Amino acid sequence: VPFLLQDTATRLAITEKGYQILGDHLMGIQIGNEPDLYQRHQHFTTYGPSNYFQDFGTYVQDMVNANLPGQNLLVGPNLAYADWSTEQVWDTGFVSVYSQNLALLSVENYPTDNCAAQFNTGGTIQDPQAIFPNFLSHTAQYSGHSIIQKFLNSTNFAMQNGKRLYMMETNTGSCGGFAGISDAFGSALWGLDYAFQMASNNFGGAMIHVGGQNVFYN
């Protein structure tokens, strides 16, 4: 359910249709996507953890007012871990206040990105073959072990609060991945190691991003 969409009726319709179509198969309703990037991407002049906390609460109340089912299936905060940390969201009281509404806690993260090459952002374009070794050992820069270190406090926090932390979106690189890495056998081995690293460190699950037909990891 996108917070960038300011039409409450459409937001509620997304939730209602999702529940009607999936029924008991619906695991969760993601509330906002990568809100820690809203300000950087100029969707809002200012937007911080307290704003997300308030917007989440507003949507909970909108669901109550509309008498929608699934009020206990919400998923947040869905951070990219770009401009905020998960701890900054936990410090707002997010989990304790919305505990009865939260089915899952979630984050989204990639070890690196290919945005400069894909979208001409002006950043440094990375050579896939030069960085590929960074994926190919248990403790390399882009290994699953390295990725999850910043979330270990949060997996413990989730367990202490009776919740599961999910890696809601991840893959070899954001902005569609890399030719020669994302479509190589080595990345399959990387993915297996990453999955086991998450499982052994109390992640409740993970979703591998596949995108559309124009991304290298699909």
# chains A, B, ... in the order shown; residues from 1 in each chain; ligands from 1

call {"tool": "residues_around", "arguments": {"residues": "range 175-182 of chain A", "least_positions_apart": "4", "cutoff": "12 Å", "atoms": "only C-alpha atoms", "output": "MDAnalysis selection string"}}
result
chainID A and resid 109:121 125:136 142 170:171 186:191 208:218

call {"tool": "select_by_dssp", "arguments": {"residues": "chain A", "states": "strand (DSSP E)", "output": "ChimeraX atom specification"}}
result
/A:29-30,74-79,102-108,165-170,203-208

call {"tool": "select_by_dssp", "arguments": {"residues": "range 46-205 of chain A", "states": "helix (DSSP H, G or I)", "output": "PyMOL selection string"}}
result
chain A and resi 49-65+86-90+94-97+115-119+128-135+144-160+185-200

call {"tool": "atom_distance", "arguments": {"atom1": "CA of Asn202 in chain A", "atom2": "CA of Val60 in chain A"}}
result
27.5 Å

call {"tool": "residues_around", "arguments": {"residues": "Leu165 in chain A", "least_positions_apart": "2", "cutoff": "7 Å", "atoms": "only C-alpha atoms", "output": "list in words"}}
result
Leu104, Leu105, Ser106, Thr155, Ala158, Lys163, Met167, Phe203 and Gly204 of chain A

call {"tool": "write_last_selection", "arguments": {"atoms": "N, CA, C and O atoms", "output": "CSV table (one decimal), in the first residue's frame"}}
result
chain,number,residue,atom,x,y,z
A,104,LEU,N,4.3,-8.9,10.5
A,104,LEU,CA,5.7,-9.1,10.3
A,104,LEU,C,6.4,-7.7,10.4
A,104,LEU,O,5.8,-6.7,10.1
A,105,LEU,N,7.6,-7.7,10.9
A,105,LEU,CA,8.5,-6.6,10.7
A,105,LEU,C,9.4,-6.9,9.4
A,105,LEU,O,9.7,-8.0,9.2
A,106,SER,N,9.7,-5.8,8.7
A,106,SER,CA,10.4,-6.1,7.5
A,106,SER,C,11.5,-5.0,7.1
A,106,SER,O,11.3,-3.9,7.5
A,155,THR,N,16.8,-8.4,14.5
A,155,THR,CA,16.3,-9.8,14.5
A,155,THR,C,16.0,-10.2,16.0
A,155,THR,O,15.0,-10.8,16.4
A,158,ALA,N,13.0,-8.2,17.2
A,158,ALA,CA,11.8,-8.8,16.8
A,158,ALA,C,11.4,-10.0,17.6
A,158,ALA,O,10.2,-10.1,18.0
A,163,LYS,N,7.7,-11.1,17.3
A,163,LYS,CA,7.5,-10.9,15.9
A,163,LYS,C,8.6,-11.6,15.1
A,163,LYS,O,9.6,-12.0,15.6
A,167,MET,N,13.3,-10.2,5.4
A,167,MET,CA,14.0,-9.5,4.4
A,167,MET,C,13.0,-9.4,3.2
A,167,MET,O,12.9,-10.4,2.4
A,203,PHE,N,16.3,-14.4,10.9
A,203,PHE,CA,15.3,-13.9,10.0
A,203,PHE,C,14.1,-14.9,9.9
A,203,PHE,O,14.4,-16.1,9.8
A,204,GLY,N,12.9,-14.3,9.7
A,204,GLY,CA,11.8,-15.2,9.6
A,204,GLY,C,11.6,-15.7,8.2
A,204,GLY,O,10.8,-16.6,7.9

call {"tool": "closest_residue", "arguments": {"among": "A:Ser96, A:Gln141, A:Thr10, A:Asn78", "to": "Pro35 in chain A", "atoms": "only C-alpha atoms"}}
result
A:Asn78

call {"tool": "atom_distance", "arguments": {"atom1": "CA of Asp7 in chain A", "atom2": "CA of Tyr166 in chain A"}}
result
27.8 Å

call {"tool": "atom_distance", "arguments": {"atom1": "CA of Pro2 in chain A", "atom2": "CA of Gly32 in chain A"}}
result
4.9 Å

call {"tool": "closest_residue", "arguments": {"among": "A:Thr58, A:Leu74, A:Trp84, A:Gly18", "to": "Leu37 in chain A", "atoms": "only C-alpha atoms"}}
result
A:Trp84

call {"tool": "residues_around", "arguments": {"residues": "Leu26 in chain A", "least_positions_apart": "2", "cutoff": "12 Å", "atoms": "only C-alpha atoms", "output": "PDB file with N, CA and C atoms, in the first residue's frame"}}
result
ATOM      1  N   THR A  15      -5.999  -2.776  -0.443  1.00  0.00           N
ATOM      2  CA  THR A  15      -6.049  -3.699   0.686  1.00  0.00           C
ATOM      3  C   THR A  15      -7.244  -4.637   0.583  1.00  0.00           C
ATOM      4  N   GLU A  16      -8.391  -4.071   0.286  1.00  0.00           N
ATOM      5  CA  GLU A  16      -9.611  -4.879   0.219  1.00  0.00           C
ATOM      6  C   GLU A  16      -9.528  -5.925  -0.886  1.00  0.00           C
ATOM      7  N   LYS A  17      -9.059  -5.520  -2.072  1.00  0.00           N
ATOM      8  CA  LYS A  17      -8.948  -6.468  -3.194  1.00  0.00           C
ATOM      9  C   LYS A  17      -7.922  -7.558  -2.902  1.00  0.00           C
ATOM     10  N   GLY A  18      -6.803  -7.163  -2.294  1.00  0.00           N
ATOM     11  CA  GLY A  18      -5.795  -8.153  -1.943  1.00  0.00           C
ATOM     12  C   GLY A  18      -6.359  -9.216  -1.023  1.00  0.00           C
ATOM     13  N   TYR A  19      -7.130  -8.779  -0.047  1.00  0.00           N
ATOM     14  CA  TYR A  19      -7.724  -9.730   0.893  1.00  0.00           C
ATOM     15  C   TYR A  19      -8.775 -10.597   0.204  1.00  0.00           C
ATOM     16  N   GLN A  20      -9.586  -9.986  -0.656  1.00  0.00           N
ATOM     17  CA  GLN A  20     -10.626 -10.744  -1.356  1.00  0.00           C
ATOM     18  C   GLN A  20     -10.029 -11.795  -2.280  1.00  0.00           C
ATOM     19  N   ILE A  21      -8.941 -11.445  -2.971  1.00  0.00           N
ATOM     20  CA  ILE A  21      -8.340 -12.357  -3.948  1.00  0.00           C
ATOM     21  C   ILE A  21      -7.557 -13.474  -3.267  1.00  0.00           C
ATOM     22  N   LEU A  22      -6.793 -13.132  -2.240  1.00  0.00           N
ATOM     23  CA  LEU A  22      -5.884 -14.107  -1.635  1.00  0.00           C
ATOM     24  C   LEU A  22      -6.461 -14.803  -0.413  1.00  0.00           C
ATOM     25  N   GLY A  23      -7.369 -14.150   0.275  1.00  0.00           N
ATOM     26  CA  GLY A  23      -7.998 -14.774   1.432  1.00  0.00           C
ATOM     27  C   GLY A  23      -6.985 -15.255   2.456  1.00  0.00           C
ATOM     28  N   ASP A  24      -7.106 -16.532   2.848  1.00  0.00           N
ATOM     29  CA  ASP A  24      -6.228 -17.093   3.873  1.00  0.00           C
ATOM     30  C   ASP A  24      -4.784 -17.234   3.408  1.00  0.00           C
ATOM     31  N   GLY A  28       0.628 -10.950   4.416  1.00  0.00           N
ATOM     32  CA  GLY A  28       0.783  -9.628   4.992  1.00  0.00           C
ATOM     33  C   GLY A  28       0.490  -8.540   3.985  1.00  0.00           C
ATOM     34  N   ILE A  29       0.250  -7.346   4.499  1.00  0.00           N
ATOM     35  CA  ILE A  29      -0.043  -6.174   3.679  1.00  0.00           C
ATOM     36  C   ILE A  29       1.057  -5.152   3.948  1.00  0.00           C
ATOM     37  N   GLN A  30       1.913  -4.942   2.973  1.00  0.00           N
ATOM     38  CA  GLN A  30       3.052  -4.045   3.150  1.00  0.00           C
ATOM     39  C   GLN A  30       2.576  -2.596   3.152  1.00  0.00           C
ATOM     40  N   PRO A  69     -11.127  -6.118   6.702  1.00  0.00           N
ATOM     41  CA  PRO A  69     -10.420  -7.229   7.340  1.00  0.00           C
ATOM     42  C   PRO A  69      -8.911  -7.061   7.151  1.00  0.00           C
ATOM     43  N   GLY A  70      -8.141  -7.865   7.829  1.00  0.00           N
ATOM     44  CA  GLY A  70      -6.695  -7.842   7.661  1.00  0.00           C
ATOM     45  C   GLY A  70      -5.985  -6.800   8.493  1.00  0.00           C
ATOM     46  N   ASN A  72      -4.761  -7.069  11.256  1.00  0.00           N
ATOM     47  CA  ASN A  72      -3.651  -7.688  11.991  1.00  0.00           C
ATOM     48  C   ASN A  72      -2.618  -8.294  11.051  1.00  0.00           C
ATOM     49  N   LEU A  73      -2.646  -7.908   9.778  1.00  0.00           N
ATOM     50  CA  LEU A  73      -1.741  -8.477   8.772  1.00  0.00           C
ATOM     51  C   LEU A  73      -0.790  -7.447   8.184  1.00  0.00           C
ATOM     52  N   LEU A  74      -0.574  -6.354   8.883  1.00  0.00           N
ATOM     53  CA  LEU A  74       0.233  -5.280   8.306  1.00  0.00           C
ATOM     54  C   LEU A  74       1.727  -5.571   8.472  1.00  0.00           C
ATOM     55  N   VAL A  75       2.516  -5.033   7.529  1.00  0.00           N
ATOM     56  CA  VAL A  75       3.954  -5.285   7.472  1.00  0.00           C
ATOM     57  C   VAL A  75       4.686  -3.945   7.387  1.00  0.00           C
ATOM     58  N   ALA A 103       1.793  -8.128  11.458  1.00  0.00           N
ATOM     59  CA  ALA A 103       2.030  -9.554  11.228  1.00  0.00           C
ATOM     60  C   ALA A 103       3.518  -9.827  11.144  1.00  0.00           C
TER      61      ALA A 103
END

call {"tool": "closest_residue", "arguments": {"among": "A:Arg40, A:Lys150, A:His145, A:Arg11", "to": "Ala195 in chain A", "atoms": "only C-alpha atoms"}}
result
A:His145

call {"tool": "closest_residue", "arguments": {"among": "A:Gly122, A:Pro77, A:Gly144, A:Gly57", "to": "Thr172 in chain A", "atoms": "only C-alpha atoms"}}
result
A:Gly144
